[in-house]
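Worksheet: the structure to be examined is printed underneath.
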Amino acid sequence: MVFEHEIPQGTKLYFGTSAKMKRRLENIACEIFYQNDFEEILTPSFMYLEHQKNFSNRDIIRLSSKNNHQISLRYDTTIDAIRIITKRLLRSTCQKKWFYIQPVFSYPTNEIYQIGAECLDIDEIPKMLCLSVEIMKQFGMNPILQVSNVKILKLCSQETGKDLEFFRKMQIEDILKKAPYMSDLIKIQTRDDLANSILKAPEFLKNELKALLEGSSYCRYEKMIFSPLELPPVDYYNDLVFRMFEGNHTFLLGGKYTIEGVESCGFGIYTDDVIEYLMKIKGMKWLIS
């Protein structure tokens, strides 16, 4: 028996204070994006299953269209937005900077609200990093900013003969004897740590460590840390990656990626986690500040 007041697990209900907070967060982000020459895009909630990057993913919610084509609910806005921008919109516009405010869906009934931005120009990654910090500060938040470079870990994987899943579990004790430089990489946290590590790093890592340092040099943020061996939770990030978090809450994830053969960069803000955090820490005080 399903009671009238119940909603499916994983779906969202915002009302009163939380709804007002959600709307203000979205308005703040909108203003910042427009000030930085972004245009808004709202992609369809449904897409053809064959357009998913990994249509075998069990978390994708599958349906059938009127003509019996396999379709799915939007699972990842980045993939869908880049496909539509490159295959459809670029025929009529040269706009490269886009933002969106919309949910994504995953099996069985998970609904996740996001605020995101995509830029079809990887040289904009330093500005995207700074834009992330600016939005969080305007939200009245000061989370940790963690920056990494996926290429560093891939090079270590090739050099040691260990696959990436091994590093995901951080079972690295047995390779420290074979690769002493790994010990230095693990200890890197500050900008100074990173700069000093470049001087003594093996040659095959120097360029990517420099890329990590230079890619983040444009952004000055007091709570920035570096994690060269961090693996991103999204598999299409293939270069510089950054996330903002506090405790168990991840508020933002972004970086460089290649989709549809186009090198781009962007980030997504997990609106639900931001609201949960602000409601718990500040509540109504945030709305009247």
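Within each chain, counting starts at residue 1; across the structure tokens, chains are named A, B, ... in the order shown, with ligands numbered 1 upward in that order.
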**OP:** Find the spatial neighbours of A:Ile115, counting only C-alpha atoms, within a cut-off of 8 Å - ignore same-chain residues fewer than 3 positions away - and output them as a PyMOL selection string.
**Re:** chain A and resi 26+29+99-102+268-271
For those residues, write all heavy atoms to a file as a PDB file, in the first residue's frame.
```
ATOM      1  N   GLU A  26      19.937  29.341  -7.923  1.00  0.00           N
ATOM      2  CA  GLU A  26      19.890  29.300  -9.385  1.00  0.00           C
ATOM      3  C   GLU A  26      19.978  30.704  -9.973  1.00  0.00           C
ATOM      4  O   GLU A  26      20.652  30.917 -10.997  1.00  0.00           O
ATOM      5  CB  GLU A  26      18.605  28.601  -9.825  1.00  0.00           C
ATOM      6  CG  GLU A  26      18.586  27.115  -9.474  1.00  0.00           C
ATOM      7  CD  GLU A  26      17.231  26.456  -9.690  1.00  0.00           C
ATOM      8  OE1 GLU A  26      16.227  27.189  -9.862  1.00  0.00           O
ATOM      9  OE2 GLU A  26      17.167  25.209  -9.684  1.00  0.00           O
ATOM     10  N   ALA A  29      23.616  31.940  -9.740  1.00  0.00           N
ATOM     11  CA  ALA A  29      24.443  31.312 -10.777  1.00  0.00           C
ATOM     12  C   ALA A  29      24.141  31.889 -12.148  1.00  0.00           C
ATOM     13  O   ALA A  29      25.056  32.163 -12.941  1.00  0.00           O
ATOM     14  CB  ALA A  29      24.210  29.796 -10.770  1.00  0.00           C
ATOM     15  N   PHE A  99      25.458  27.356 -20.260  1.00  0.00           N
ATOM     16  CA  PHE A  99      25.149  26.862 -18.925  1.00  0.00           C
ATOM     17  C   PHE A  99      23.746  26.272 -18.907  1.00  0.00           C
ATOM     18  O   PHE A  99      22.932  26.535 -19.787  1.00  0.00           O
ATOM     19  CB  PHE A  99      25.288  27.976 -17.870  1.00  0.00           C
ATOM     20  CG  PHE A  99      24.148  28.958 -17.817  1.00  0.00           C
ATOM     21  CD1 PHE A  99      23.072  28.758 -16.956  1.00  0.00           C
ATOM     22  CD2 PHE A  99      24.151  30.095 -18.622  1.00  0.00           C
ATOM     23  CE1 PHE A  99      22.018  29.669 -16.897  1.00  0.00           C
ATOM     24  CE2 PHE A  99      23.108  31.015 -18.573  1.00  0.00           C
ATOM     25  CZ  PHE A  99      22.039  30.791 -17.710  1.00  0.00           C
ATOM     26  N   TYR A 100      23.482  25.441 -17.916  1.00  0.00           N
ATOM     27  CA  TYR A 100      22.185  24.791 -17.796  1.00  0.00           C
ATOM     28  C   TYR A 100      21.795  24.677 -16.321  1.00  0.00           C
ATOM     29  O   TYR A 100      22.651  24.657 -15.429  1.00  0.00           O
ATOM     30  CB  TYR A 100      22.214  23.395 -18.427  1.00  0.00           C
ATOM     31  CG  TYR A 100      23.292  22.497 -17.872  1.00  0.00           C
ATOM     32  CD1 TYR A 100      23.085  21.763 -16.701  1.00  0.00           C
ATOM     33  CD2 TYR A 100      24.524  22.380 -18.509  1.00  0.00           C
ATOM     34  CE1 TYR A 100      24.077  20.953 -16.189  1.00  0.00           C
ATOM     35  CE2 TYR A 100      25.523  21.575 -17.999  1.00  0.00           C
ATOM     36  CZ  TYR A 100      25.298  20.863 -16.838  1.00  0.00           C
ATOM     37  OH  TYR A 100      26.280  20.066 -16.313  1.00  0.00           O
ATOM     38  N   ILE A 101      20.503  24.626 -16.083  1.00  0.00           N
ATOM     39  CA  ILE A 101      19.957  24.389 -14.747  1.00  0.00           C
ATOM     40  C   ILE A 101      18.814  23.392 -14.923  1.00  0.00           C
ATOM     41  O   ILE A 101      17.727  23.751 -15.377  1.00  0.00           O
ATOM     42  CB  ILE A 101      19.450  25.687 -14.096  1.00  0.00           C
ATOM     43  CG1 ILE A 101      20.606  26.680 -13.922  1.00  0.00           C
ATOM     44  CG2 ILE A 101      18.792  25.397 -12.744  1.00  0.00           C
ATOM     45  CD1 ILE A 101      20.178  28.032 -13.390  1.00  0.00           C
ATOM     46  N   GLN A 102      19.066  22.128 -14.608  1.00  0.00           N
ATOM     47  CA  GLN A 102      18.083  21.076 -14.849  1.00  0.00           C
ATOM     48  C   GLN A 102      18.516  19.795 -14.140  1.00  0.00           C
ATOM     49  O   GLN A 102      19.701  19.626 -13.813  1.00  0.00           O
ATOM     50  CB  GLN A 102      17.925  20.819 -16.349  1.00  0.00           C
ATOM     51  CG  GLN A 102      19.199  20.388 -17.054  1.00  0.00           C
ATOM     52  CD  GLN A 102      19.035  20.332 -18.565  1.00  0.00           C
ATOM     53  OE1 GLN A 102      18.190  20.991 -19.155  1.00  0.00           O
ATOM     54  NE2 GLN A 102      19.856  19.517 -19.204  1.00  0.00           N
ATOM     55  N   GLY A 268      29.933  20.943 -12.988  1.00  0.00           N
ATOM     56  CA  GLY A 268      28.555  20.796 -12.554  1.00  0.00           C
ATOM     57  C   GLY A 268      28.460  21.007 -11.056  1.00  0.00           C
ATOM     58  O   GLY A 268      29.300  20.515 -10.300  1.00  0.00           O
ATOM     59  N   ILE A 269      27.447  21.755 -10.628  1.00  0.00           N
ATOM     60  CA  ILE A 269      27.192  21.991  -9.214  1.00  0.00           C
ATOM     61  C   ILE A 269      26.045  21.080  -8.789  1.00  0.00           C
ATOM     62  O   ILE A 269      25.004  21.034  -9.451  1.00  0.00           O
ATOM     63  CB  ILE A 269      26.811  23.457  -8.961  1.00  0.00           C
ATOM     64  CG1 ILE A 269      27.972  24.381  -9.337  1.00  0.00           C
ATOM     65  CG2 ILE A 269      26.418  23.678  -7.496  1.00  0.00           C
ATOM     66  CD1 ILE A 269      27.607  25.854  -9.360  1.00  0.00           C
ATOM     67  N   TYR A 270      26.243  20.345  -7.707  1.00  0.00           N
ATOM     68  CA  TYR A 270      25.213  19.452  -7.198  1.00  0.00           C
ATOM     69  C   TYR A 270      24.301  20.244  -6.269  1.00  0.00           C
ATOM     70  O   TYR A 270      24.550  20.363  -5.064  1.00  0.00           O
ATOM     71  CB  TYR A 270      25.858  18.265  -6.492  1.00  0.00           C
ATOM     72  CG  TYR A 270      26.756  17.458  -7.414  1.00  0.00           C
ATOM     73  CD1 TYR A 270      28.142  17.519  -7.300  1.00  0.00           C
ATOM     74  CD2 TYR A 270      26.203  16.662  -8.415  1.00  0.00           C
ATOM     75  CE1 TYR A 270      28.958  16.791  -8.152  1.00  0.00           C
ATOM     76  CE2 TYR A 270      27.010  15.927  -9.268  1.00  0.00           C
ATOM     77  CZ  TYR A 270      28.391  15.994  -9.134  1.00  0.00           C
ATOM     78  OH  TYR A 270      29.191  15.287  -9.991  1.00  0.00           O
ATOM     79  N   THR A 271      23.251  20.777  -6.843  1.00  0.00           N
ATOM     80  CA  THR A 271      22.363  21.699  -6.135  1.00  0.00           C
ATOM     81  C   THR A 271      21.787  21.097  -4.862  1.00  0.00           C
ATOM     82  O   THR A 271      21.695  21.776  -3.831  1.00  0.00           O
ATOM     83  CB  THR A 271      21.211  22.131  -7.059  1.00  0.00           C
ATOM     84  OG1 THR A 271      21.742  22.527  -8.330  1.00  0.00           O
ATOM     85  CG2 THR A 271      20.435  23.279  -6.457  1.00  0.00           C
TER      86      THR A 271
END
```
**OP:** Give the helix (DSSP H, G or I) residues of stretch 6-148 of chain A, as DSSP finds them on the backbone, and put them as a PyMOL selection string.
**Re:** chain A and resi 17-35+49-51+77-87+89-91+122-138
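The interatomic distance for the pair atom CA of A:Ser64 and atom CA of A:Leu13 works out to 27.2 Å.
Those residues that approach stretch 123-140 of chain A to within 7 Å, counting only C-alpha atoms, are Leu25, Ala29, Gly215, Ser216, Tyr218, Cys219, Cys265 and Gly266 of chain A; same-chain residues fewer than 3 positions away are not listed.
Within 8 Å of A:Thr17, once only C-alpha atoms are used and residues closer than 3 positions along the same chain are dropped, the contacting residues are A:Lys20, A:Met21, A:Gly283, A:Met284.
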Store the residues picked out above, limited to C-alpha atoms, as a PDB file, in the first residue's frame.
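Writing done, so here's out_8.pdb:
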```pdb
ATOM      1  CA  LYS A  20      13.190  29.666  -1.930  1.00  0.00           C
ATOM      2  CA  MET A  21      16.845  28.780  -1.334  1.00  0.00           C
ATOM      3  CA  GLY A 283      18.923  27.823   7.245  1.00  0.00           C
ATOM      4  CA  MET A 284      16.800  30.985   7.221  1.00  0.00           C
TER       5      MET A 284
END
```
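Ranking A:Ser92, A:Glu159, A:Ile112, A:Leu287 by their shortest atom-to-atom distance to A:Glu203, with only C-alpha atoms included, puts A:Glu159 first.
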